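These notes are about the structure you will find just below.
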Amino acid sequence: MLQRRDLLRLPLLALCGSPGLAWAGTSVETTGVRITIGGRTFLQYAPVTLAERLGYFRDAGLDPEILDVSGGSKALQALVGGSAELTAGAFDHTIQMHAKGQKIVGVVLFGRHPTFALALRKEKAKDYRDPSSLRGMTIGVTALGSQTQFMVEYLALQAGVSPADISFVSVGGGTGAVAAIRNGAVDAVVTGEPALTALTLAGDVKLVADTRTNAGTIGIFGGLYPSGTIYARSDFIERNPATMEAIALAMVRALQWIDRASAEDIADALPEEWAQPNRDVFLTSIRGTRDMFSPDGRFSAEGANIAFRVLSTVDPQLRGVQVDLAQTFTNKFVEKAHQTLSSR
């Protein structure tokens, strides 16, 4: 297992290529980009933090400021409002914003499925039969209007339950979800790792719908559902192509590193406090969800179609609306990253 001191030297050792990887002859237009994340310590967003801590952003000529906010919808608001240039959030947002006439484009896919699960408090779990049992419940989500809420609404609608018959409350990130369950403020939560593993191992909850793995996601949505995405406004992308190439290079390197690393290596490379209060629980959560990370950063038309189908079910603003899904993502920067890495 790599020691922490070794991990700090990884950029110099050039784990994914030669040191100082930068785009030959090209300077980035915006060095200090601001990236918002709706709950940075959720494990699904780890590729962004790893790209930072392993020095891959720096190697690509970037010095990003990573801003942690309470949920995905808040992260999107920061992007739209101009207080950030990039967001690490749900692919859903690119579709929703295109439907509103705002061109938000995904440039790197780092999450192949939503990586959340619906967890019922143990007192409620004994009476749960199927999603029709969600009627009348109070359910905690990361933020109102976020992907965590849409997941529950989709399950409810498939079972003939109106989302209006469910009360949703914002509980923020993983620590907020754990507290909401343990103090009885909610009947259930939709949250990510490592909170889910902590709650499950403690016997506090029962998982009834799980998108942390490929198999679970396919079972709920009928296919892999693209989730974790680096996205930006199309006008920023057009004005800053070298910056976007650098972002893609750093993120692809991080994904390739994750694909080869052990759970212990990943935990060592992340901030120590992420593994608190129990490193064994943190390692278990990493091992159980390894396939949530994209190995290459590429989007697919099939994934975009699955996301649109699900969103059209739960979001009234998308019903009957035509969205050119090909405009919601681009693989050109990721492809350039792969070309650069393969040539080193």
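Labeling convention for the structure tokens: chains A, B, ... as they appear, residues from 1 per chain, ligands from 1 in order of appearance.
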Near region 192-195 of chain A, counting only C-alpha atoms, which residues have an atom at most 7 Å away, once you skip same-chain residues fewer than 4 positions from it, shown as a VMD selection string? chain A and resid 42 to 43 115 to 117 174 to 175 178 199 282 285
Please produce a file of those selected residues containing all heavy atoms, as a CSV table (one decimal), in the first residue's frame.
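Final output, saved to again.csv:
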```csv
chain,number,residue,atom,x,y,z
A,42,PHE,N,-18.9,13.8,-0.3
A,42,PHE,CA,-19.5,12.6,-0.9
A,42,PHE,C,-18.4,11.9,-1.7
A,42,PHE,O,-17.7,12.5,-2.6
A,42,PHE,CB,-20.7,13.0,-1.8
A,42,PHE,CG,-22.0,13.2,-1.0
A,42,PHE,CD1,-22.7,14.3,-1.3
A,42,PHE,CD2,-22.4,12.4,0.0
A,42,PHE,CE1,-23.9,14.6,-0.6
A,42,PHE,CE2,-23.6,12.6,0.7
A,42,PHE,CZ,-24.3,13.7,0.4
A,43,LEU,N,-18.4,10.6,-1.6
A,43,LEU,CA,-17.3,9.9,-2.2
A,43,LEU,C,-17.4,10.0,-3.8
A,43,LEU,O,-16.4,9.9,-4.5
A,43,LEU,CB,-17.4,8.4,-1.8
A,43,LEU,CG,-16.2,7.5,-2.2
A,43,LEU,CD1,-14.9,8.0,-1.7
A,43,LEU,CD2,-16.5,6.1,-1.6
A,115,THR,N,-25.1,7.1,-7.6
A,115,THR,CA,-24.3,6.7,-6.4
A,115,THR,C,-25.0,7.1,-5.1
A,115,THR,O,-24.4,7.2,-4.0
A,115,THR,CB,-22.9,7.4,-6.4
A,115,THR,OG1,-23.1,8.8,-6.2
A,115,THR,CG2,-22.2,7.1,-7.7
A,116,PHE,N,-26.3,7.3,-5.1
A,116,PHE,CA,-27.1,7.5,-3.9
A,116,PHE,C,-27.9,6.2,-3.6
A,116,PHE,O,-28.1,5.4,-4.5
A,116,PHE,CB,-28.1,8.7,-4.1
A,116,PHE,CG,-27.4,10.0,-4.4
A,116,PHE,CD1,-27.6,10.6,-5.6
A,116,PHE,CD2,-26.6,10.6,-3.5
A,116,PHE,CE1,-27.0,11.8,-5.9
A,116,PHE,CE2,-26.0,11.8,-3.7
A,116,PHE,CZ,-26.2,12.4,-4.9
A,117,ALA,N,-28.5,6.2,-2.4
A,117,ALA,CA,-29.4,5.1,-2.1
A,117,ALA,C,-30.5,5.7,-1.2
A,117,ALA,O,-30.3,6.7,-0.4
A,117,ALA,CB,-28.7,4.0,-1.4
A,174,GLY,N,-23.6,14.3,3.8
A,174,GLY,CA,-23.6,13.1,4.5
A,174,GLY,C,-23.8,13.2,6.0
A,174,GLY,O,-24.6,12.5,6.6
A,175,THR,N,-23.1,14.1,6.7
A,175,THR,CA,-23.3,14.3,8.1
A,175,THR,C,-24.7,14.8,8.5
A,175,THR,O,-25.2,14.3,9.5
A,175,THR,CB,-22.2,15.3,8.6
A,175,THR,OG1,-22.4,16.5,7.9
A,175,THR,CG2,-20.8,14.8,8.5
A,178,VAL,N,-27.0,11.7,8.2
A,178,VAL,CA,-26.8,10.8,9.4
A,178,VAL,C,-27.5,11.4,10.6
A,178,VAL,O,-28.3,10.7,11.3
A,178,VAL,CB,-25.3,10.6,9.7
A,178,VAL,CG1,-25.1,9.8,11.0
A,178,VAL,CG2,-24.7,9.8,8.6
A,199,LEU,N,-24.4,4.3,8.3
A,199,LEU,CA,-25.7,4.1,8.8
A,199,LEU,C,-26.1,2.6,8.7
A,199,LEU,O,-26.8,2.1,9.6
A,199,LEU,CB,-26.7,4.9,7.9
A,199,LEU,CG,-26.7,6.4,8.2
A,199,LEU,CD1,-27.6,7.2,7.2
A,199,LEU,CD2,-27.3,6.8,9.6
A,282,PHE,N,-14.9,3.8,6.1
A,282,PHE,CA,-14.6,4.5,4.9
A,282,PHE,C,-14.1,3.6,3.8
A,282,PHE,O,-14.5,3.6,2.7
A,282,PHE,CB,-13.6,5.6,5.2
A,282,PHE,CG,-13.4,6.6,4.1
A,282,PHE,CD1,-14.4,7.3,3.6
A,282,PHE,CD2,-12.1,6.8,3.6
A,282,PHE,CE1,-14.2,8.2,2.5
A,282,PHE,CE2,-11.9,7.6,2.6
A,282,PHE,CZ,-12.9,8.4,2.0
A,285,SER,N,-16.9,1.5,2.3
A,285,SER,CA,-17.7,2.3,1.4
A,285,SER,C,-17.0,2.4,0.0
A,285,SER,O,-17.6,2.4,-1.0
A,285,SER,CB,-18.0,3.7,2.0
A,285,SER,OG,-16.9,4.5,2.0
```
Among the residues A:Thr243, A:Tyr225, A:Gln77, A:Lys206, the one that comes closest to Gly32 (chain A) [using only C-alpha atoms]: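 Answer, going by the shortest atom-to-atom distance: A:Thr243.
Atom pair CA of Ser132 (chain A) / CA of Ala180 (chain A): separated by 22.4 Å.
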Once you count only C-alpha atoms, what closest atom pair and distance in Å to one decimal does each residue of region 99-132 of chain A within 12 Å of region 137-149 of chain A have, with rows by chain and rising residue number, as CSV?
```
residue,atom,partner,partner_atom,distance
A:His113,CA,A:Gln147,CA,11.2
A:Pro114,CA,A:Gln147,CA,7.8
A:Thr115,CA,A:Thr148,CA,9.6
A:Phe116,CA,A:Thr148,CA,7.0
A:Ala117,CA,A:Thr148,CA,8.5
A:Leu118,CA,A:Thr148,CA,8.7
A:Ala119,CA,A:Ile139,CA,9.3
A:Leu120,CA,A:Ile139,CA,8.7
A:Arg121,CA,A:Ile139,CA,10.1
A:Lys124,CA,A:Met137,CA,9.3
A:Ala125,CA,A:Met137,CA,11.6
A:Asp127,CA,A:Met137,CA,11.9
A:Tyr128,CA,A:Met137,CA,11.0
A:Pro131,CA,A:Met137,CA,10.9
A:Ser132,CA,A:Met137,CA,10.5
```
Resulting file, chosen residues, C-alpha atoms, as a PDB file, in the first residue's frame:
```
ATOM      1  CA  HIS A 113     -24.523   6.274 -11.924  1.00  0.00           C
ATOM      2  CA  PRO A 114     -26.126   8.503  -9.268  1.00  0.00           C
ATOM      3  CA  THR A 115     -24.309   6.748  -6.362  1.00  0.00           C
ATOM      4  CA  PHE A 116     -27.124   7.483  -3.922  1.00  0.00           C
ATOM      5  CA  ALA A 117     -29.422   5.132  -2.058  1.00  0.00           C
ATOM      6  CA  LEU A 118     -32.799   5.540  -0.403  1.00  0.00           C
ATOM      7  CA  ALA A 119     -32.354   4.527   3.232  1.00  0.00           C
ATOM      8  CA  LEU A 120     -35.339   4.055   5.556  1.00  0.00           C
ATOM      9  CA  ARG A 121     -35.020   4.531   9.294  1.00  0.00           C
ATOM     10  CA  LYS A 124     -40.065   2.588   9.194  1.00  0.00           C
ATOM     11  CA  ALA A 125     -38.359  -0.220   7.308  1.00  0.00           C
ATOM     12  CA  ASP A 127     -43.586  -1.678   7.232  1.00  0.00           C
ATOM     13  CA  TYR A 128     -42.019  -1.015   3.827  1.00  0.00           C
ATOM     14  CA  PRO A 131     -42.190   2.340  -3.301  1.00  0.00           C
ATOM     15  CA  SER A 132     -45.936   2.780  -2.763  1.00  0.00           C
TER      16      SER A 132
END
```
What's the 12 Å shell around Gln317 (chain A), counting only C-alpha atoms, without same-chain residues fewer than 4 positions away, as a short mmCIF file (atom, residue, chain, number, x, y, z; two decimals) with C-alpha atoms, in the first residue's frame?
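Everything below was put into part.cif:
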```
data_model
loop_
_atom_site.label_atom_id
_atom_site.label_comp_id
_atom_site.auth_asym_id
_atom_site.auth_seq_id
_atom_site.Cartn_x
_atom_site.Cartn_y
_atom_site.Cartn_z
CA ILE A 95 -30.57 18.63 -19.73
CA GLN A 96 -32.75 20.73 -17.46
CA MET A 97 -30.94 23.93 -18.32
CA HIS A 98 -31.07 23.24 -22.08
CA ALA A 99 -34.84 22.85 -21.74
CA LYS A 100 -34.86 26.37 -20.28
CA GLY A 101 -32.78 27.75 -23.13
CA PHE A 308 -33.78 12.38 -20.32
CA LEU A 311 -36.20 13.38 -15.99
CA SER A 312 -39.17 13.67 -18.34
CA THR A 313 -41.07 11.49 -15.86
CA VAL A 321 -40.12 19.50 -24.48
CA GLN A 322 -37.63 18.73 -27.24
CA VAL A 323 -34.00 18.74 -26.10
#
```
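Note that CA of Pro271 (chain A) and CA of Arg53 (chain A) are 8.6 Å apart.
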Those in region 50-293 of chain A with alpha helix (DSSP H) from DSSP, as a count of residues only: 109
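Going from CA of Ala337 (chain A) over to CA of Ile286 (chain A), you cover 26.0 Å.
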Would you kindly return, as a list in words, each protein, DNA or RNA residue with an atom no farther than 8 Å from any atom of Val108 (chain A), considering only C-alpha atoms and excluding same-chain residues fewer than 6 positions away?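 Residues meeting the cut-off are Thr229, Ile230, Tyr231, Ala248, Met251, Gly297, Arg298, Phe299, Asn331, Phe333 and Val334 of chain A.
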